[in-house]
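The file upload39.csv contains CSV, C-alpha atoms:
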```
chain,number,residue,atom,x,y,z
A,1,MET,CA,6.9,-23.6,6.9
A,2,PRO,CA,9.5,-25.1,4.5
A,3,LYS,CA,9.7,-28.9,4.7
A,4,PRO,CA,13.5,-29.0,5.4
A,5,VAL,CA,12.8,-26.9,8.5
A,6,VAL,CA,10.0,-29.1,9.7
A,7,GLY,CA,12.2,-32.2,9.1
A,8,TYR,CA,15.1,-30.7,11.0
A,9,LEU,CA,12.9,-29.8,14.0
A,10,ALA,CA,11.3,-33.2,13.9
A,11,GLN,CA,14.7,-34.8,14.0
A,12,GLN,CA,15.8,-32.7,17.0
A,13,LEU,CA,12.6,-33.7,18.8
A,14,ARG,CA,12.8,-37.3,17.7
A,15,ILE,CA,9.3,-37.3,16.3
A,16,SER,CA,7.8,-37.9,12.9
A,17,PRO,CA,7.5,-34.8,10.6
A,18,LYS,CA,3.8,-35.9,10.1
A,19,CYS,CA,3.1,-34.5,13.6
A,20,PHE,CA,3.4,-31.0,12.1
A,21,ARG,CA,0.6,-31.6,9.6
A,22,GLU,CA,-1.5,-33.3,12.3
A,23,TYR,CA,-1.2,-30.5,14.9
A,24,ASP,CA,-4.3,-28.6,15.8
A,25,TRP,CA,-3.6,-25.0,15.1
A,26,SER,CA,-6.7,-23.8,16.9
A,27,GLY,CA,-8.2,-24.7,20.2
A,28,ARG,CA,-7.0,-25.1,23.8
A,29,THR,CA,-3.9,-27.2,23.0
A,30,ILE,CA,-2.2,-24.5,21.0
A,31,GLU,CA,-3.2,-21.8,23.5
A,32,ARG,CA,-1.6,-23.8,26.2
A,33,HIS,CA,1.6,-24.4,24.2
A,34,ARG,CA,1.8,-20.7,23.2
A,35,ALA,CA,1.5,-19.7,26.8
A,36,LYS,CA,4.3,-22.0,27.8
A,37,ILE,CA,6.5,-20.7,25.0
A,38,LEU,CA,5.9,-17.1,26.0
A,39,ALA,CA,6.6,-17.8,29.6
A,40,HIS,CA,9.8,-19.7,28.8
A,41,TYR,CA,11.2,-16.8,26.8
A,42,ASN,CA,9.8,-14.2,29.2
A,43,PHE,CA,7.5,-12.6,26.6
A,44,GLN,CA,4.3,-10.8,27.4
A,45,GLU,CA,1.1,-10.3,25.3
A,46,SER,CA,1.0,-6.9,23.8
A,47,THR,CA,-1.6,-4.5,25.1
A,48,LEU,CA,-3.2,-1.3,23.7
A,49,ALA,CA,-0.8,0.7,25.8
A,50,ASP,CA,2.1,-1.2,24.2
A,51,MET,CA,0.8,-0.3,20.8
A,52,ASP,CA,0.6,3.3,21.7
A,53,ARG,CA,4.2,3.2,22.9
A,54,LEU,CA,5.2,1.4,19.7
A,55,LYS,CA,3.6,4.1,17.6
A,56,GLU,CA,5.3,6.9,19.5
A,57,TRP,CA,8.6,5.1,19.1
A,58,LEU,CA,8.1,4.7,15.4
A,59,CYS,CA,7.3,8.4,15.0
A,60,ASP,CA,10.3,9.5,17.0
A,61,LYS,CA,13.0,7.0,16.0
A,62,VAL,CA,12.1,5.5,12.6
A,63,LEU,CA,9.8,7.8,10.6
A,64,ALA,CA,12.2,10.6,10.9
A,65,PHE,CA,14.4,8.8,8.4
A,66,GLU,CA,12.2,6.2,6.6
A,67,TYR,CA,8.6,6.1,5.3
A,68,GLN,CA,8.6,2.8,3.4
A,69,GLU,CA,6.0,0.6,5.0
A,70,ALA,CA,8.0,-2.6,4.7
A,71,GLN,CA,11.0,-1.1,6.5
A,72,VAL,CA,8.8,0.5,9.2
A,73,MET,CA,7.1,-2.9,9.7
A,74,GLU,CA,10.5,-4.6,10.1
A,75,ALA,CA,11.5,-1.9,12.7
A,76,ALA,CA,8.3,-2.5,14.6
A,77,TYR,CA,9.0,-6.3,14.8
A,78,ASP,CA,12.5,-5.5,16.1
A,79,TYR,CA,11.1,-3.2,18.7
A,80,LEU,CA,8.6,-5.8,19.9
A,81,ARG,CA,11.2,-8.5,20.0
A,82,SER,CA,13.6,-6.3,22.1
A,83,ALA,CA,10.8,-5.4,24.4
A,84,LYS,CA,9.8,-9.0,24.7
A,85,LEU,CA,6.3,-8.4,23.5
A,86,GLU,CA,4.3,-10.9,21.5
A,87,PRO,CA,3.4,-9.2,18.2
A,88,PRO,CA,-0.2,-8.5,17.5
A,89,THR,CA,-1.9,-9.9,14.4
A,90,LEU,CA,-0.5,-8.7,11.1
A,91,ALA,CA,-3.6,-6.6,10.3
A,92,ARG,CA,-3.4,-4.9,13.7
A,93,LEU,CA,0.3,-4.1,13.4
A,94,LYS,CA,-0.2,-2.7,9.9
A,95,ARG,CA,-2.9,-0.4,11.3
A,96,VAL,CA,-0.5,0.9,13.9
A,97,VAL,CA,2.3,1.4,11.4
A,98,ARG,CA,0.1,3.2,8.9
A,99,SER,CA,-1.4,5.4,11.6
A,100,ALA,CA,2.2,6.4,12.6
A,101,ILE,CA,3.1,7.1,9.0
A,102,ARG,CA,0.0,9.3,8.5
A,103,ASP,CA,0.5,11.3,11.7
A,104,THR,CA,4.2,11.8,10.9
A,105,GLU,CA,3.5,12.9,7.3
A,106,LYS,CA,0.8,15.3,8.4
A,107,ALA,CA,3.0,16.9,11.0
A,108,PHE,CA,5.9,17.2,8.5
A,109,CYS,CA,3.8,18.7,5.8
A,110,GLU,CA,2.2,21.2,8.2
A,111,SER,CA,5.6,22.2,9.5
A,112,THR,CA,6.9,22.6,5.9
A,113,THR,CA,4.0,24.8,4.8
A,114,GLN,CA,4.4,27.1,7.8
A,115,GLN,CA,7.8,28.0,6.5
A,116,LEU,CA,6.4,29.2,3.2
A,117,SER,CA,5.1,32.7,2.5
A,118,ALA,CA,1.7,33.3,1.0
A,119,HIS,CA,3.4,34.6,-2.1
A,120,THR,CA,5.4,31.4,-2.5
A,121,CYS,CA,2.3,29.2,-1.9
A,122,LYS,CA,0.5,31.2,-4.7
A,123,LYS,CA,3.4,30.5,-7.1
A,124,LEU,CA,3.4,26.8,-6.2
A,125,ASP,CA,-0.3,26.6,-7.0
A,126,ALA,CA,0.4,28.5,-10.3
A,127,LEU,CA,2.8,25.7,-11.3
A,128,LEU,CA,-0.1,23.2,-11.3
A,129,ASP,CA,-2.4,25.4,-13.4
A,130,THR,CA,-3.4,23.6,-16.7
A,131,GLU,CA,-6.1,26.0,-17.9
A,132,ARG,CA,-6.0,29.2,-19.9
A,133,ALA,CA,-8.7,31.4,-21.3
A,134,ASP,CA,-9.0,32.1,-25.0
A,135,GLY,CA,-10.4,35.4,-26.4
A,136,LYS,CA,-13.9,34.2,-25.8
A,137,GLY,CA,-13.4,33.4,-22.2
A,138,ASP,CA,-13.6,29.6,-22.8
A,139,ALA,CA,-11.3,27.4,-20.8
A,140,GLN,CA,-8.6,25.6,-22.7
A,141,PHE,CA,-5.9,23.2,-21.5
A,142,LYS,CA,-2.2,23.8,-21.5
A,143,GLN,CA,0.9,22.2,-20.2
A,144,SER,CA,1.5,23.1,-16.6
A,145,ALA,CA,4.7,24.8,-15.6
A,146,PHE,CA,5.2,21.9,-13.2
A,147,ASN,CA,5.3,19.4,-16.0
A,148,PHE,CA,7.5,21.7,-18.0
A,149,LEU,CA,10.0,21.7,-15.2
A,150,LYS,CA,9.9,17.9,-15.1
A,151,THR,CA,10.8,17.6,-18.9
A,152,ASP,CA,14.0,15.8,-19.8
A,153,PRO,CA,16.7,18.2,-20.9
A,154,GLY,CA,17.5,16.0,-23.9
A,155,ARG,CA,20.7,16.2,-25.9
A,156,ILE,CA,23.1,19.0,-25.1
A,157,SER,CA,22.6,22.0,-27.4
A,158,LEU,CA,22.2,25.7,-27.2
A,159,LYS,CA,18.4,25.3,-27.2
A,160,SER,CA,18.4,22.8,-24.4
A,161,LEU,CA,20.8,24.9,-22.4
A,162,LEU,CA,18.5,28.0,-22.7
A,163,THR,CA,15.6,25.8,-21.7
A,164,GLU,CA,17.4,24.6,-18.5
A,165,ILE,CA,18.3,28.2,-17.7
A,166,GLU,CA,14.6,29.1,-18.0
A,167,LYS,CA,13.7,26.3,-15.6
A,168,LEU,CA,16.3,27.4,-13.1
A,169,LYS,CA,14.9,30.9,-13.2
A,170,ALA,CA,11.4,29.6,-12.7
A,171,ILE,CA,12.5,27.6,-9.6
A,172,ARG,CA,14.3,30.5,-8.1
A,173,ASN,CA,11.3,32.7,-8.7
A,174,LEU,CA,9.3,30.5,-6.4
A,175,GLY,CA,11.0,32.1,-3.4
A,176,LEU,CA,11.5,28.8,-1.5
A,177,PRO,CA,13.5,29.3,1.7
A,178,PRO,CA,17.1,28.0,1.1
A,179,GLU,CA,17.0,26.2,4.5
A,180,LEU,CA,13.5,24.6,3.9
A,181,PHE,CA,14.8,21.0,3.7
A,182,SER,CA,18.4,21.6,5.0
A,183,THR,CA,17.9,19.5,8.1
A,184,VAL,CA,15.6,16.8,6.5
A,185,PRO,CA,17.2,13.4,5.7
A,186,PRO,CA,17.6,12.9,2.0
A,187,THR,CA,15.5,9.7,2.2
A,188,ILE,CA,12.5,11.9,3.3
A,189,THR,CA,12.8,14.5,0.6
A,190,ALA,CA,13.4,11.7,-2.0
A,191,HIS,CA,10.1,10.1,-0.8
A,192,TYR,CA,8.1,13.3,-1.5
A,193,ARG,CA,10.0,13.9,-4.8
A,194,ARG,CA,9.0,10.4,-6.0
A,195,ARG,CA,5.4,10.9,-5.1
A,196,ALA,CA,5.2,14.2,-6.9
A,197,SER,CA,6.9,12.8,-10.0
A,198,VAL,CA,4.3,10.2,-10.6
A,199,GLU,CA,1.2,12.4,-9.9
A,200,THR,CA,-0.4,14.7,-12.5
A,201,PRO,CA,-1.1,18.4,-11.7
A,202,ARG,CA,-4.8,17.5,-11.3
A,203,GLU,CA,-4.0,14.9,-8.7
A,204,LEU,CA,-1.6,17.2,-6.9
A,205,ARG,CA,-4.3,19.9,-6.8
A,206,ARG,CA,-6.7,17.6,-5.0
A,207,HIS,CA,-4.4,17.2,-2.0
A,208,PRO,CA,-4.9,19.3,1.1
A,209,LYS,CA,-2.7,22.5,0.9
A,210,ALA,CA,-0.1,21.3,3.4
A,211,ILE,CA,0.5,18.0,1.4
A,212,ARG,CA,0.3,19.8,-2.0
A,213,TYR,CA,2.8,22.5,-1.1
A,214,THR,CA,5.2,20.0,0.5
A,215,LEU,CA,5.1,17.7,-2.6
A,216,VAL,CA,5.7,20.5,-5.1
A,217,ALA,CA,8.4,22.2,-3.0
A,218,ALA,CA,10.3,19.0,-2.4
A,219,SER,CA,10.3,18.1,-6.0
A,220,ARG,CA,11.4,21.5,-7.1
A,221,ARG,CA,13.8,22.5,-4.4
A,222,GLN,CA,17.1,24.1,-5.4
A,223,PRO,CA,20.3,22.1,-4.9
```
Give the structure from this file in structure tokens form.
Amino acid sequence: MPKPVVGYLAQQLRISPKCFREYDWSGRTIERHRAKILAHYNFQESTLADMDRLKEWLCDKVLAFEYQEAQVMEAAYDYLRSAKLEPPTLARLKRVVRSAIRDTEKAFCESTTQQLSAHTCKKLDALLDTERADGKGDAQFKQSAFNFLKTDPGRISLKSLLTEIEKLKAIRNLGLPPELFSTVPPTITAHYRRRASVETPRELRRHPKAIRYTLVAASRRQP
């Protein structure tokens, strides 16, 4: 705790700031003091059932718009404060938040994949292909179509214009449903687009199908 804060509180209580350093932060005294503080402000200790309700609230009210852990943690503390519940330990609260994020992402990816045809899924997998066979049947590496679509257009020229047209045709050829992300908040699609942009085709191929198709589809969706 910052020294100016300690000094201010000590002044209000008319005691020496040294009392703060001398206080026993473990044992019966602090437990008794904490119980009195909770009772004074009408707070209750959080239970497992409270954590289940918090997780459900996060999935329903927060994770529909935001996946960033720091923001979700802040929302969790706001919920606990408004519900007059004592927050659990930081480690325990992080487990609840991360579990909520995992469950929400899993449900979202499965819902997204269910909207894709088998033909489209096959084309999305083809975007991540980095191997080609030579005349002798030996595997060779090539640039994936996914990485080609991510290349910077560069300076405006006839060549760059034709390249961008080629990219647009490739995206349209995927057959993504126009309404695939029409009702999804931009912050969510941006989250998946950022993830896909920093992963290599090999890393993307390692994901379960639902996650892989969602990442690639979100990064390559048409405007």
Out of A:Ile156, A:Val198, A:Leu127, A:Ile101, which residue has the shortest atom-to-atom distance to Ala217 (chain A) when counting all atoms listed in the file?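 Checking each of A:Ile156, A:Val198, A:Leu127, A:Ile101 against Ala217 (chain A), counting all atoms listed in the file, the winner is A:Leu127.
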Could you pull the residues within 12 Å of region 82-86 of chain A, counting only C-alpha atoms, minus those fewer than 2 positions along the same chain, as a ChimeraX atom specification? /A:34-35,37-51,53-54,57,75-80,88-90,93
Tell me, in Å to one decimal, how far CA of Pro201 (chain A) is from CA of Ala170 (chain A). 16.8 Å
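Distance-wise, CA of Val216 (chain A) and CA of Lys122 (chain A) end up 11.9 Å apart.
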Could you name the residues that touch Glu105 (chain A) at 10 Å or less, counting all atoms listed in the file, but leaving out those on the same chain fewer than 2 positions away, as a PyMOL selection string? chain A and resi 59+63-64+67+99-103+107-111+188+192+210-211+214
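Using only C-alpha atoms, the residues found no farther than 8 Å from Leu128 (chain A), other than those of its own chain fewer than 4 positions away, are A:Leu124, A:Ser144, A:Ala145, A:Phe146, A:Pro201, A:Arg202, A:Leu204, A:Arg205.
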Quick check, in Å to one decimal: how far apart do CA of Leu180 (chain A) and CA of Tyr213 (chain A) lie?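 According to the coordinates, CA of Leu180 (chain A) and CA of Tyr213 (chain A) are separated by 12.0 Å.
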